[in-house]
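data_31.cif, holding mmCIF, C-alpha atoms and all ligand atoms:
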```cif
data_input
#
loop_
_atom_site.group_PDB
_atom_site.id
_atom_site.type_symbol
_atom_site.label_atom_id
_atom_site.label_comp_id
_atom_site.auth_asym_id
_atom_site.auth_seq_id
_atom_site.Cartn_x
_atom_site.Cartn_y
_atom_site.Cartn_z
ATOM 1 C CA MET O 1 -29.682 9.606 -18.787
ATOM 2 C CA GLN O 2 -27.837 12.307 -20.662
ATOM 3 C CA PRO O 3 -24.477 10.670 -21.163
ATOM 4 C CA HIS O 4 -21.467 12.743 -20.221
ATOM 5 C CA SER O 5 -22.944 16.081 -21.143
ATOM 6 C CA ARG O 6 -23.477 17.789 -17.857
ATOM 7 C CA LEU O 7 -20.830 16.136 -15.725
ATOM 8 C CA GLY O 8 -18.392 16.201 -18.586
ATOM 9 C CA ASP O 9 -18.628 19.950 -18.654
ATOM 10 C CA HIS O 10 -18.258 20.155 -14.905
ATOM 11 C CA ALA O 11 -15.260 17.855 -14.989
ATOM 12 C CA CYS O 12 -13.227 20.101 -17.243
ATOM 13 C CA ASN O 13 -14.623 23.539 -16.431
ATOM 14 C CA ASP O 14 -16.308 23.880 -13.087
ATOM 15 C CA PHE O 15 -14.834 21.130 -10.959
ATOM 16 C CA ASP O 16 -11.903 21.693 -8.676
ATOM 17 C CA THR O 17 -9.905 18.633 -9.665
ATOM 18 C CA GLY O 18 -7.924 18.689 -6.469
ATOM 19 C CA LEU O 19 -4.741 17.947 -8.418
ATOM 20 C CA ASP O 20 -2.837 20.985 -9.538
ATOM 21 C CA ALA O 21 -5.502 23.216 -11.011
ATOM 22 C CA PRO O 22 -5.280 26.703 -9.513
ATOM 23 C CA GLN O 23 -8.313 28.136 -7.785
ATOM 24 C CA SER O 24 -10.062 30.415 -10.229
ATOM 25 C CA PRO O 25 -13.462 31.994 -10.846
ATOM 26 C CA SER O 26 -14.306 28.868 -12.854
ATOM 27 C CA ASN O 27 -14.617 27.031 -9.526
ATOM 28 C CA ILE O 28 -17.765 28.961 -8.771
ATOM 29 C CA GLY O 29 -20.794 26.724 -8.787
ATOM 30 C CA PRO O 30 -24.371 26.904 -9.958
ATOM 31 C CA SER O 31 -25.462 29.540 -7.449
ATOM 32 C CA GLY O 32 -22.349 31.605 -7.885
ATOM 33 C CA ASN O 33 -20.701 30.395 -4.657
ATOM 34 C CA VAL O 34 -17.539 28.359 -4.330
ATOM 35 C CA GLU O 35 -19.339 26.573 -1.464
ATOM 36 C CA ASP O 36 -21.639 24.944 -4.012
ATOM 37 C CA PHE O 37 -18.926 22.409 -4.483
ATOM 38 C CA ASP O 38 -18.241 20.104 -1.642
ATOM 39 C CA THR O 39 -14.555 19.850 -2.394
ATOM 40 C CA ASP O 40 -14.007 17.089 0.143
ATOM 41 C CA ASN O 41 -16.491 14.874 -1.593
ATOM 42 C CA HIS O 42 -16.157 14.952 -5.333
ATOM 43 C CA LEU O 43 -14.636 12.485 -7.777
ATOM 44 C CA LEU O 44 -14.448 9.507 -5.475
ATOM 45 C CA ASP O 45 -17.668 10.231 -3.713
ATOM 46 C CA ASP O 46 -20.341 7.637 -3.303
ATOM 47 C CA PRO O 47 -23.416 9.199 -4.946
ATOM 48 C CA ALA O 48 -25.630 7.650 -2.282
ATOM 49 C CA HIS O 49 -23.891 9.669 0.423
ATOM 50 C CA ARG O 50 -23.318 12.853 -1.514
ATOM 51 C CA ASN O 51 -24.743 16.055 -0.153
ATOM 52 C CA PRO O 52 -27.861 16.529 -2.301
ATOM 53 C CA ASN O 53 -27.486 20.289 -2.059
ATOM 54 C CA SER O 54 -23.975 20.387 -3.407
ATOM 55 C CA PHE O 55 -25.010 19.528 -6.975
ATOM 56 C CA ASP O 56 -28.235 19.584 -8.837
ATOM 57 C CA MET O 57 -27.753 16.378 -10.767
ATOM 58 C CA PRO O 58 -29.398 12.999 -10.771
ATOM 59 C CA PRO O 59 -27.546 10.268 -8.854
ATOM 60 C CA GLY O 60 -25.763 7.793 -11.083
ATOM 61 C CA ASP O 61 -24.380 10.384 -13.473
ATOM 62 C CA ILE O 62 -21.326 10.613 -11.220
ATOM 63 C CA GLU O 63 -20.113 7.436 -12.939
ATOM 64 C CA ASP O 64 -19.843 9.392 -16.175
ATOM 65 C CA LEU O 65 -16.928 11.291 -14.671
ATOM 66 C CA TRP O 66 -14.874 8.133 -14.961
ATOM 67 C CA LEU O 67 -15.345 7.805 -18.713
ATOM 68 C CA GLN O 68 -12.141 8.746 -20.448
ATOM 69 C CA ASP O 69 -13.735 11.011 -23.056
ATOM 70 C CA THR O 70 -15.131 13.261 -20.333
ATOM 71 C CA ILE O 71 -11.647 13.933 -18.942
ATOM 72 C CA HIS O 72 -9.565 16.451 -20.801
ATOM 73 C CA ARG O 73 -6.520 16.770 -18.575
ATOM 74 C CA ASP O 74 -3.793 14.177 -19.040
ATOM 75 C CA ASP O 75 -2.811 14.105 -15.371
ATOM 76 C CA LEU O 76 -6.412 13.640 -14.262
ATOM 77 C CA ARG O 77 -6.994 10.926 -16.854
ATOM 78 C CA MET O 78 -3.910 9.086 -15.580
ATOM 79 C CA ALA O 79 -5.035 9.465 -11.946
ATOM 80 C CA VAL O 80 -8.426 7.951 -12.837
ATOM 81 C CA GLU O 81 -6.713 5.009 -14.539
ATOM 82 C CA PHE O 82 -4.736 4.335 -11.338
ATOM 83 C CA MET O 83 -7.891 4.625 -9.215
ATOM 84 C CA LYS O 84 -9.731 2.176 -11.446
ATOM 85 C CA GLY O 85 -6.758 -0.177 -11.245
ATOM 86 C CA LEU O 86 -6.868 -0.038 -7.451
ATOM 87 C CA GLN O 87 -10.628 -0.563 -7.351
ATOM 88 C CA GLY O 88 -10.408 -3.614 -9.615
ATOM 89 C CA ALA O 89 -7.197 -5.051 -8.152
ATOM 90 C CA THR O 90 -7.093 -8.780 -7.446
ATOM 91 C CA LEU O 91 -4.356 -10.752 -5.717
ATOM 92 C CA ASP O 92 -3.889 -13.093 -8.684
ATOM 93 C CA ASP O 93 -3.373 -10.282 -11.201
ATOM 94 C CA PRO O 94 0.017 -11.243 -12.718
ATOM 95 C CA SER O 95 1.092 -7.586 -12.879
ATOM 96 C CA LEU O 96 0.859 -7.508 -9.068
ATOM 97 C CA GLY O 97 3.871 -9.808 -8.947
ATOM 98 C CA MET O 98 2.870 -12.275 -6.201
ATOM 99 C CA SER O 99 4.269 -15.761 -6.720
ATOM 100 C CA ASN O 100 1.983 -18.786 -6.950
ATOM 101 C CA GLY O 101 3.444 -20.044 -3.663
ATOM 102 C CA ALA O 102 2.702 -16.760 -1.883
ATOM 103 C CA LEU O 103 -0.845 -16.750 -3.274
ATOM 104 C CA HIS O 104 -1.409 -20.339 -2.170
ATOM 105 C CA ARG O 105 -0.169 -19.557 1.354
ATOM 106 C CA LEU O 106 -2.377 -16.451 1.527
ATOM 107 C CA TRP O 107 -5.502 -18.290 0.397
ATOM 108 C CA ASN O 108 -4.766 -21.401 2.489
ATOM 109 C CA PRO O 109 -3.448 -20.098 5.788
ATOM 110 C CA PRO O 110 -1.671 -22.724 7.863
ATOM 111 C CA HIS O 111 -3.522 -23.831 10.972
ATOM 112 C CA GLU O 112 -0.524 -25.125 12.838
ATOM 113 C CA GLN O 113 2.939 -23.903 13.674
ATOM 114 C CA SER O 114 5.495 -24.489 10.969
ATOM 115 C CA PRO O 115 8.153 -27.003 12.004
ATOM 116 C CA ARG O 116 11.302 -25.039 12.653
ATOM 117 C CA VAL O 117 13.945 -27.705 12.699
ATOM 118 C CA VAL O 118 16.914 -25.595 11.751
ATOM 119 C CA ASP O 119 20.530 -26.389 12.583
ATOM 120 C CA LYS O 120 22.942 -23.887 14.148
ATOM 121 C CA VAL O 121 24.757 -22.994 10.923
ATOM 122 C CA THR O 122 21.473 -22.309 9.136
ATOM 123 C CA TRP O 123 20.418 -20.104 12.054
ATOM 124 C CA LEU O 124 23.656 -18.189 11.565
ATOM 125 C CA ALA O 125 22.717 -17.642 7.896
ATOM 126 C CA ILE O 126 19.198 -16.502 8.874
ATOM 127 C CA ASP O 127 20.589 -14.101 11.488
ATOM 128 C CA LEU O 128 22.975 -12.621 8.941
ATOM 129 C CA PHE O 129 20.163 -12.226 6.393
ATOM 130 C CA LEU O 130 17.674 -10.661 8.826
ATOM 131 C CA GLY O 131 20.366 -8.393 10.259
ATOM 132 C CA ASN O 132 20.843 -6.866 6.829
ATOM 133 C CA PRO O 133 18.946 -8.353 3.859
ATOM 134 C CA SER O 134 21.208 -6.628 1.306
ATOM 135 C CA GLU O 135 22.751 -9.180 -1.058
ATOM 136 C CA VAL O 136 26.123 -7.413 -1.086
ATOM 137 C CA THR O 137 26.317 -7.328 2.726
ATOM 138 C CA TYR O 138 25.310 -10.975 3.090
ATOM 139 C CA LYS O 139 27.908 -12.107 0.556
ATOM 140 C CA THR O 140 30.638 -10.021 2.221
ATOM 141 C CA ASN O 141 29.841 -11.448 5.665
ATOM 142 C CA ARG O 142 29.573 -14.991 4.302
ATOM 143 C CA ARG O 143 32.953 -14.686 2.584
ATOM 144 C CA ALA O 144 34.575 -13.431 5.800
ATOM 145 C CA ILE O 145 33.095 -16.266 7.870
ATOM 146 C CA LEU O 146 34.148 -18.912 5.338
ATOM 147 C CA ARG O 147 37.665 -17.511 5.367
ATOM 148 C CA PHE O 148 37.677 -18.093 9.118
ATOM 149 C CA GLN O 149 36.220 -21.605 8.829
ATOM 150 C CA LEU O 150 36.421 -23.052 5.325
ATOM 151 C CA ASP O 151 34.347 -26.193 5.910
ATOM 152 C CA LEU O 152 31.279 -24.372 7.284
ATOM 153 C CA ASP O 153 28.144 -25.179 5.265
ATOM 154 C CA LEU O 154 26.890 -21.601 5.190
ATOM 155 C CA ILE O 155 24.148 -21.414 2.537
ATOM 156 C CA SER O 156 24.141 -18.887 -0.304
ATOM 157 C CA TYR O 157 22.193 -15.629 -0.344
ATOM 158 C CA TYR O 158 19.491 -17.030 -2.639
ATOM 159 C CA LYS O 159 19.061 -20.145 -0.504
ATOM 160 C CA VAL O 160 18.679 -18.201 2.748
ATOM 161 C CA LYS O 161 16.279 -15.760 1.101
ATOM 162 C CA SER O 162 14.135 -18.625 -0.142
ATOM 163 C CA LEU O 163 14.351 -20.397 3.249
ATOM 164 C CA VAL O 164 13.142 -17.294 5.123
ATOM 165 C CA ALA O 165 10.248 -16.943 2.640
ATOM 166 C CA ASN O 166 9.295 -20.585 3.205
ATOM 167 C CA LEU O 167 9.558 -20.388 6.997
ATOM 168 C CA THR O 168 7.622 -17.140 7.342
ATOM 169 C CA GLY O 169 5.523 -17.081 4.157
ATOM 170 C CA ILE O 170 6.789 -13.538 3.569
ATOM 171 C CA GLU O 171 8.398 -12.562 0.294
ATOM 172 C CA SER O 172 8.851 -9.351 -1.659
ATOM 173 C CA VAL O 173 7.035 -8.480 -4.840
ATOM 174 C CA ILE O 174 9.221 -6.683 -7.334
ATOM 175 C CA HIS O 175 8.229 -4.013 -9.843
ATOM 176 C CA HIS O 176 10.444 -2.303 -12.348
ATOM 177 C CA MET O 177 10.851 1.414 -11.893
ATOM 178 C CA CYS O 178 12.387 4.390 -13.671
ATOM 179 C CA VAL O 179 16.129 4.593 -13.066
ATOM 180 C CA LYS O 180 15.515 8.175 -11.886
ATOM 181 C CA SER O 181 12.708 7.068 -9.523
ATOM 182 C CA CYS O 182 9.953 8.979 -11.393
ATOM 183 C CA ILE O 183 7.478 6.102 -11.696
ATOM 184 C CA ALA O 184 7.018 2.375 -11.224
ATOM 185 C CA TYR O 185 5.891 0.377 -14.233
ATOM 186 C CA THR O 186 2.479 -0.469 -12.832
ATOM 187 C CA GLY O 187 -1.126 0.320 -13.804
ATOM 188 C CA PRO O 188 -1.278 2.424 -16.982
ATOM 189 C CA PHE O 189 2.554 2.322 -17.202
ATOM 190 C CA VAL O 190 2.866 -1.458 -17.156
ATOM 191 C CA ASP O 191 3.445 -1.876 -20.914
ATOM 192 C CA LEU O 192 5.761 1.097 -21.420
ATOM 193 C CA ASP O 193 9.434 0.654 -22.324
ATOM 194 C CA ALA O 194 10.468 4.140 -21.223
ATOM 195 C CA CYS O 195 9.561 6.537 -18.427
ATOM 196 C CA PRO O 196 6.700 8.832 -19.504
ATOM 197 C CA LEU O 197 8.182 11.656 -17.424
ATOM 198 C CA CYS O 198 11.925 11.641 -18.171
ATOM 199 C CA SER O 199 12.115 9.235 -21.178
ATOM 200 C CA GLU O 200 14.802 7.055 -19.526
ATOM 201 C CA LEU O 201 14.577 3.517 -20.888
ATOM 202 C CA GLN O 202 13.296 0.742 -18.630
ATOM 203 C CA TYR O 203 15.831 -1.948 -19.551
ATOM 204 C CA ASP O 204 19.617 -2.234 -19.653
ATOM 205 C CA GLN O 205 20.178 -1.525 -23.338
ATOM 206 C CA PHE O 206 23.544 -3.326 -23.519
ATOM 207 C CA ARG O 207 22.034 -6.583 -22.217
ATOM 208 C CA LEU O 208 18.976 -6.125 -24.414
ATOM 209 C CA GLU O 209 20.947 -5.591 -27.629
ATOM 210 C CA SER O 210 23.628 -8.187 -26.968
ATOM 211 C CA SER O 211 20.915 -10.819 -26.439
ATOM 212 C CA SER O 212 18.915 -9.740 -29.511
ATOM 213 C CA GLY O 213 16.083 -8.467 -27.310
ATOM 214 C CA LEU O 214 15.799 -11.612 -25.148
ATOM 215 C CA GLU O 215 17.330 -10.357 -21.885
ATOM 216 C CA LYS O 216 15.119 -7.687 -20.410
ATOM 217 C CA VAL O 217 17.027 -6.584 -17.311
ATOM 218 C CA PRO O 218 15.436 -3.630 -15.503
ATOM 219 C CA ARG O 219 17.728 -0.741 -14.639
ATOM 220 C CA GLN O 220 15.978 -0.245 -11.291
ATOM 221 C CA GLU O 221 13.579 -2.293 -9.162
ATOM 222 C CA PHE O 222 11.080 -1.433 -6.442
ATOM 223 C CA TYR O 223 10.485 -3.957 -3.643
ATOM 224 C CA THR O 224 7.193 -4.236 -1.775
ATOM 225 C CA ILE O 225 6.583 -6.558 1.162
ATOM 226 C CA PRO O 226 2.808 -7.217 1.122
ATOM 227 C CA ILE O 227 0.953 -6.874 4.404
ATOM 228 C CA GLY O 228 -1.170 -10.068 4.144
ATOM 229 C CA PRO O 229 1.652 -12.602 4.573
ATOM 230 C CA GLN O 230 3.111 -10.494 7.410
ATOM 231 C CA LEU O 231 -0.201 -10.749 9.275
ATOM 232 C CA GLN O 232 -0.327 -14.495 8.697
ATOM 233 C CA ALA O 233 3.198 -14.833 10.061
ATOM 234 C CA LEU O 234 2.278 -12.772 13.130
ATOM 235 C CA TYR O 235 -0.590 -15.118 13.963
ATOM 236 C CA GLN O 236 1.410 -18.291 13.358
ATOM 237 C CA SER O 237 3.097 -18.591 16.718
ATOM 238 C CA PRO O 238 1.497 -18.459 20.196
ATOM 239 C CA GLU O 239 4.173 -16.031 21.345
ATOM 240 C CA SER O 240 3.474 -13.368 18.710
ATOM 241 C CA THR O 241 -0.297 -14.022 18.680
ATOM 242 C CA SER O 242 -0.451 -13.254 22.404
ATOM 243 C CA ARG O 243 0.710 -9.717 21.586
ATOM 244 C CA THR O 244 -2.333 -9.105 19.367
ATOM 245 C CA HIS O 245 -4.946 -9.218 22.152
ATOM 246 C CA TYR O 246 -4.741 -5.501 22.831
ATOM 247 C CA LEU O 247 -7.696 -4.568 20.569
ATOM 248 C CA ARG O 248 -10.014 -6.994 22.338
ATOM 249 C CA SER O 249 -8.992 -6.105 25.895
ATOM 250 C CA GLU O 250 -8.915 -2.353 25.246
ATOM 251 C CA SER O 251 -12.294 -2.323 23.470
ATOM 252 C CA HIS O 252 -13.806 -4.264 26.396
ATOM 253 C CA CYS O 253 -12.500 -1.707 28.904
ATOM 254 C CA MET O 254 -13.513 1.210 26.689
ATOM 255 C CA HIS O 255 -17.089 0.042 26.159
ATOM 256 C CA ALA O 256 -17.495 -0.810 29.847
ATOM 257 C CA GLU O 257 -16.404 2.733 30.743
ATOM 258 C CA LEU O 258 -18.683 4.266 28.108
ATOM 259 C CA ASP O 259 -21.657 2.243 29.378
ATOM 260 C CA HIS O 260 -20.916 3.203 32.975
ATOM 261 C CA ALA O 261 -19.857 6.846 32.703
ATOM 262 C CA GLY O 262 -21.060 7.899 29.248
ATOM 263 C CA SER O 263 -17.615 9.117 28.246
ATOM 264 C CA LEU O 264 -13.988 8.156 28.603
ATOM 265 C CA ASP O 265 -11.754 9.565 31.285
ATOM 266 C CA GLN O 266 -8.786 9.618 28.904
ATOM 267 C CA TYR O 267 -8.571 9.723 25.118
ATOM 268 C CA SER O 268 -5.104 8.305 24.606
ATOM 269 C CA ASP O 269 -5.370 5.949 21.655
ATOM 270 C CA VAL O 270 -6.824 5.871 18.153
ATOM 271 C CA LEU O 271 -9.281 3.235 19.440
ATOM 272 C CA HIS O 272 -10.892 5.944 21.583
ATOM 273 C CA GLY O 273 -11.894 7.960 18.506
ATOM 274 C CA THR O 274 -15.581 8.198 17.620
ATOM 275 C CA ASP O 275 -15.053 6.611 14.174
ATOM 276 C CA LEU O 276 -13.775 3.376 15.674
ATOM 277 C CA ILE O 277 -16.221 3.402 18.594
ATOM 278 C CA LYS O 278 -19.055 3.716 16.066
ATOM 279 C CA ALA O 279 -17.588 0.980 13.883
ATOM 280 C CA PHE O 280 -17.653 -1.352 16.912
ATOM 281 C CA GLU O 281 -21.208 -0.319 17.808
ATOM 282 C CA ASP O 282 -22.425 -0.825 14.225
ATOM 283 C CA GLY O 283 -20.840 -4.265 14.178
ATOM 284 C CA ARG O 284 -18.579 -3.344 11.247
ATOM 285 C CA ILE O 285 -15.617 -4.289 13.420
ATOM 286 C CA ASP O 286 -15.607 -7.253 15.721
ATOM 287 C CA GLU O 287 -13.137 -7.558 18.582
ATOM 288 C CA ASN O 288 -11.621 -10.628 16.907
ATOM 289 C CA ASP O 289 -11.068 -8.882 13.557
ATOM 290 C CA ILE O 290 -7.684 -7.786 12.310
ATOM 291 C CA VAL O 291 -7.896 -3.981 12.155
ATOM 292 C CA LEU O 292 -5.412 -2.061 10.038
ATOM 293 C CA MET O 293 -5.063 1.694 9.833
ATOM 294 C CA PHE O 294 -3.633 3.124 6.622
ATOM 295 C CA SER O 295 -1.800 6.414 6.956
ATOM 296 C CA ILE O 296 -0.395 8.278 3.955
ATOM 297 C CA ASP O 297 1.138 11.668 3.286
ATOM 298 C CA GLY O 298 2.967 13.405 0.474
ATOM 299 C CA ALA O 299 6.536 14.519 1.034
ATOM 300 C CA GLN O 300 8.973 16.921 -0.582
ATOM 301 C CA LEU O 301 12.346 15.269 -0.139
ATOM 302 C CA TYR O 302 14.631 18.096 -1.221
ATOM 303 C CA ALA O 303 14.231 21.759 -0.307
ATOM 304 C CA LYS O 304 15.604 23.122 -3.578
ATOM 305 C CA LYS O 305 14.810 20.321 -5.964
ATOM 306 C CA ALA O 306 11.480 19.279 -7.410
ATOM 307 C CA SER O 307 10.485 15.982 -5.815
ATOM 308 C CA ALA O 308 7.192 14.476 -4.870
ATOM 309 C CA CYS O 309 6.648 11.140 -3.224
ATOM 310 C CA TRP O 310 4.067 9.483 -1.045
ATOM 311 C CA ILE O 311 4.986 7.707 2.159
ATOM 312 C CA TYR O 312 2.508 5.346 3.775
ATOM 313 C CA ILE O 313 2.384 3.056 6.758
ATOM 314 C CA TRP O 314 0.055 0.327 7.923
ATOM 315 C CA VAL O 315 -0.657 0.338 11.652
ATOM 316 C CA LEU O 316 -1.998 -2.887 13.117
ATOM 317 C CA LEU O 317 -4.445 -1.771 15.790
ATOM 318 C CA ASN O 318 -4.600 -5.239 17.337
ATOM 319 C CA LEU O 319 -1.177 -4.518 18.816
ATOM 320 C CA SER O 320 -0.657 -2.171 21.726
ATOM 321 C CA PRO O 321 0.722 1.283 20.746
ATOM 322 C CA THR O 322 3.793 0.366 22.800
ATOM 323 C CA GLU O 323 4.476 -2.364 20.227
ATOM 324 C CA TYR O 324 4.244 -0.269 17.065
ATOM 325 C CA TYR O 325 5.506 3.139 18.235
ATOM 326 C CA LYS O 326 9.025 3.584 19.491
ATOM 327 C CA LYS O 327 9.911 6.461 21.748
ATOM 328 C CA LYS O 328 13.446 7.725 21.493
HETATM 329 ZN ZN ZN X 1 11.771 8.866 -15.191
#
```
Let me see the file written as structure tokens.
Amino acid sequence: MQPHSRLGDHACNDFDTGLDAPQSPSNIGPSGNVEDFDTDNHLLDDPAHRNPNSFDMPPGDIEDLWLQDTIHRDDLRMAVEFMKGLQGATLDDPSLGMSNGALHRLWNPPHEQSPRVVDKVTWLAIDLFLGNPSEVTYKTNRRAILRFQLDLDLISYYKVKSLVANLTGIESVIHHMCVKSCIAYTGPFVDLDACPLCSELQYDQFRLESSSGLEKVPRQEFYTIPIGPQLQALYQSPESTSRTHYLRSESHCMHAELDHAGSLDQYSDVLHGTDLIKAFEDGRIDENDIVLMFSIDGAQLYAKKASACWIYIWVLLNLSPTEYYKKK
């Protein structure tokens, strides 16, 4: 194998990086046509499934693209670091931020309903917390209620938060982020003390200096509620589990209709798409599996201000569309 040479050249000269490189004559491929490059299938492509006509290169060399010394653009190098981080991610990676308790619950799912012996006052605290999980709002409401009835044993914000996590198994993971929302300190940014884009410092400098560097208080935090514990919670009670039978019943009806008529009378759900039908036929998806759809798009938040963010949602296809889409 000729390490890096050929693909390295393509990576910096001929390849359309798909990031922010403008289209230019340098995108023209070996035969002089832009079409030589299958732009939908480049950096992340599986060499085994790559169109053999799109590049005249031996399979396997595609891996060389990932070597840092073949990448000459800083933004592309950073993107590759994030991709590698995602590919190698494990739940117990400490930088992911999941607690030991959350990991234990995820790896050892409960097989029975959790006992929910909760008194009326504790239910009041849970209702207040779930109504608005903001700490400030909870404390304001709690203070007002205690003014009305001083002897009420209404638990503190931290106690109710911990109780809800224990009852449901769901808790947030917290990452530090730039105070101006440029980045989160994850992946290649995890060891930085300042934002690589705007240079704002990560920690509250007053607290840091007054404690001789001991108190590292982030100026901004980003909360993520992982999907795994939410799915476990959904399947923990008969009532909510009964709502997840849609995938099985709909796929039964769909395949019966396909077998009988050869096509569907109505295509009204993502389950009726050929990708999912094929996944069922190939056995990659079983009717008892949990099937999640990941949907992501970039967004420009302000018309006259530079901003770029990515918004994503998970859609649980085991639930009926009437459960996860709301019509106004
Ligand atoms: Zn920043």
**Study point:** Within 8 Å of ligand ZN 1 (chain X) (only C-alpha atoms and all ligand atoms), residues as a PyMOL selection string
**Key:** chain O and resi 178-183+194-200
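The two atoms in question, atom CA of O:Pro226 and atom CA of O:Ile170, are spaced 7.9 Å apart.
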**Study point:** O:Arg248 surroundings by all atoms listed in the file, 7 Å radius, close-in-sequence under 4 positions cut, as a list in words
**Key:** His252, Glu287 and Asn288 of chain O
Okay, now the selection with C-alpha atoms, as an mmCIF file, in the coordinates of the input?
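result37.cif, written as the output of this step:
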```
data_model
loop_
_atom_site.group_PDB
_atom_site.id
_atom_site.type_symbol
_atom_site.label_atom_id
_atom_site.label_comp_id
_atom_site.auth_asym_id
_atom_site.auth_seq_id
_atom_site.Cartn_x
_atom_site.Cartn_y
_atom_site.Cartn_z
ATOM 1 C CA HIS O 252 -13.806 -4.264 26.396
ATOM 2 C CA GLU O 287 -13.137 -7.558 18.582
ATOM 3 C CA ASN O 288 -11.621 -10.628 16.907
#
```
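Put simply, atom CA of O:Val80 is 27.8 Å away from atom CA of O:Asp275.
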**Study point:** Nearest candidate to O:Leu154 (options O:Pro188, O:Ser172, O:Leu128, O:Leu167; using all atoms listed in the file)
**Key:** O:Leu128
Exercise for review: Translate the PyMOL selection byres (((chain O and resi 185) around 12) and not hetatm), as applied to the file shown, into an explicit residue set as a ChimeraX atom specification.
Suggested key: /O:82,95-97,174-179,181-184,186-197,201-203,218-222
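The coordinates place atom CA of O:Trp310 at 15.1 Å from atom CA of O:Tyr223.
Distances to O:His111 were evaluated for O:Leu258, O:Ala233, O:Met78, O:Ala165 using only C-alpha atoms, and the minimum falls at O:Ala233.
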Practice item. Just say which residues the PyMOL selection byres (((chain O and resi 132-148) around 12) and not hetatm) picks in this file, as a PyMOL selection string. Key: chain O and resi 121-122+124-131+149-161+164+171-172
Selection above as a file: C-alpha atoms, as a PDB file, keeping the file's coordinate frame:
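Contents of the output file out03.pdb:
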```pdb
ATOM      1  CA  VAL O 121      24.757 -22.994  10.923  1.00  0.00           C
ATOM      2  CA  THR O 122      21.473 -22.309   9.136  1.00  0.00           C
ATOM      3  CA  LEU O 124      23.656 -18.189  11.565  1.00  0.00           C
ATOM      4  CA  ALA O 125      22.717 -17.642   7.896  1.00  0.00           C
ATOM      5  CA  ILE O 126      19.198 -16.502   8.874  1.00  0.00           C
ATOM      6  CA  ASP O 127      20.589 -14.101  11.488  1.00  0.00           C
ATOM      7  CA  LEU O 128      22.975 -12.621   8.941  1.00  0.00           C
ATOM      8  CA  PHE O 129      20.163 -12.226   6.393  1.00  0.00           C
ATOM      9  CA  LEU O 130      17.674 -10.661   8.826  1.00  0.00           C
ATOM     10  CA  GLY O 131      20.366  -8.393  10.259  1.00  0.00           C
ATOM     11  CA  GLN O 149      36.220 -21.605   8.829  1.00  0.00           C
ATOM     12  CA  LEU O 150      36.421 -23.052   5.325  1.00  0.00           C
ATOM     13  CA  ASP O 151      34.347 -26.193   5.910  1.00  0.00           C
ATOM     14  CA  LEU O 152      31.279 -24.372   7.284  1.00  0.00           C
ATOM     15  CA  ASP O 153      28.144 -25.179   5.265  1.00  0.00           C
ATOM     16  CA  LEU O 154      26.890 -21.601   5.190  1.00  0.00           C
ATOM     17  CA  ILE O 155      24.148 -21.414   2.537  1.00  0.00           C
ATOM     18  CA  SER O 156      24.141 -18.887  -0.304  1.00  0.00           C
ATOM     19  CA  TYR O 157      22.193 -15.629  -0.344  1.00  0.00           C
ATOM     20  CA  TYR O 158      19.491 -17.030  -2.639  1.00  0.00           C
ATOM     21  CA  LYS O 159      19.061 -20.145  -0.504  1.00  0.00           C
ATOM     22  CA  VAL O 160      18.679 -18.201   2.748  1.00  0.00           C
ATOM     23  CA  LYS O 161      16.279 -15.760   1.101  1.00  0.00           C
ATOM     24  CA  VAL O 164      13.142 -17.294   5.123  1.00  0.00           C
ATOM     25  CA  GLU O 171       8.398 -12.562   0.294  1.00  0.00           C
ATOM     26  CA  SER O 172       8.851  -9.351  -1.659  1.00  0.00           C
TER      27      SER O 172
END
```
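Using all atoms listed in the file, the nearest neighbour of O:Val117 within the list O:Ile285, O:Leu292, O:Leu163, O:Ala102 is O:Leu163.
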Check your understanding: For this file, the PyMOL selection byres (((chain O and resi 280) around 12) and not hetatm) selects which residues, as number ranges by chain?
Key -> O: 247-248, 251-252, 254-255, 271-279, 281-289, 291
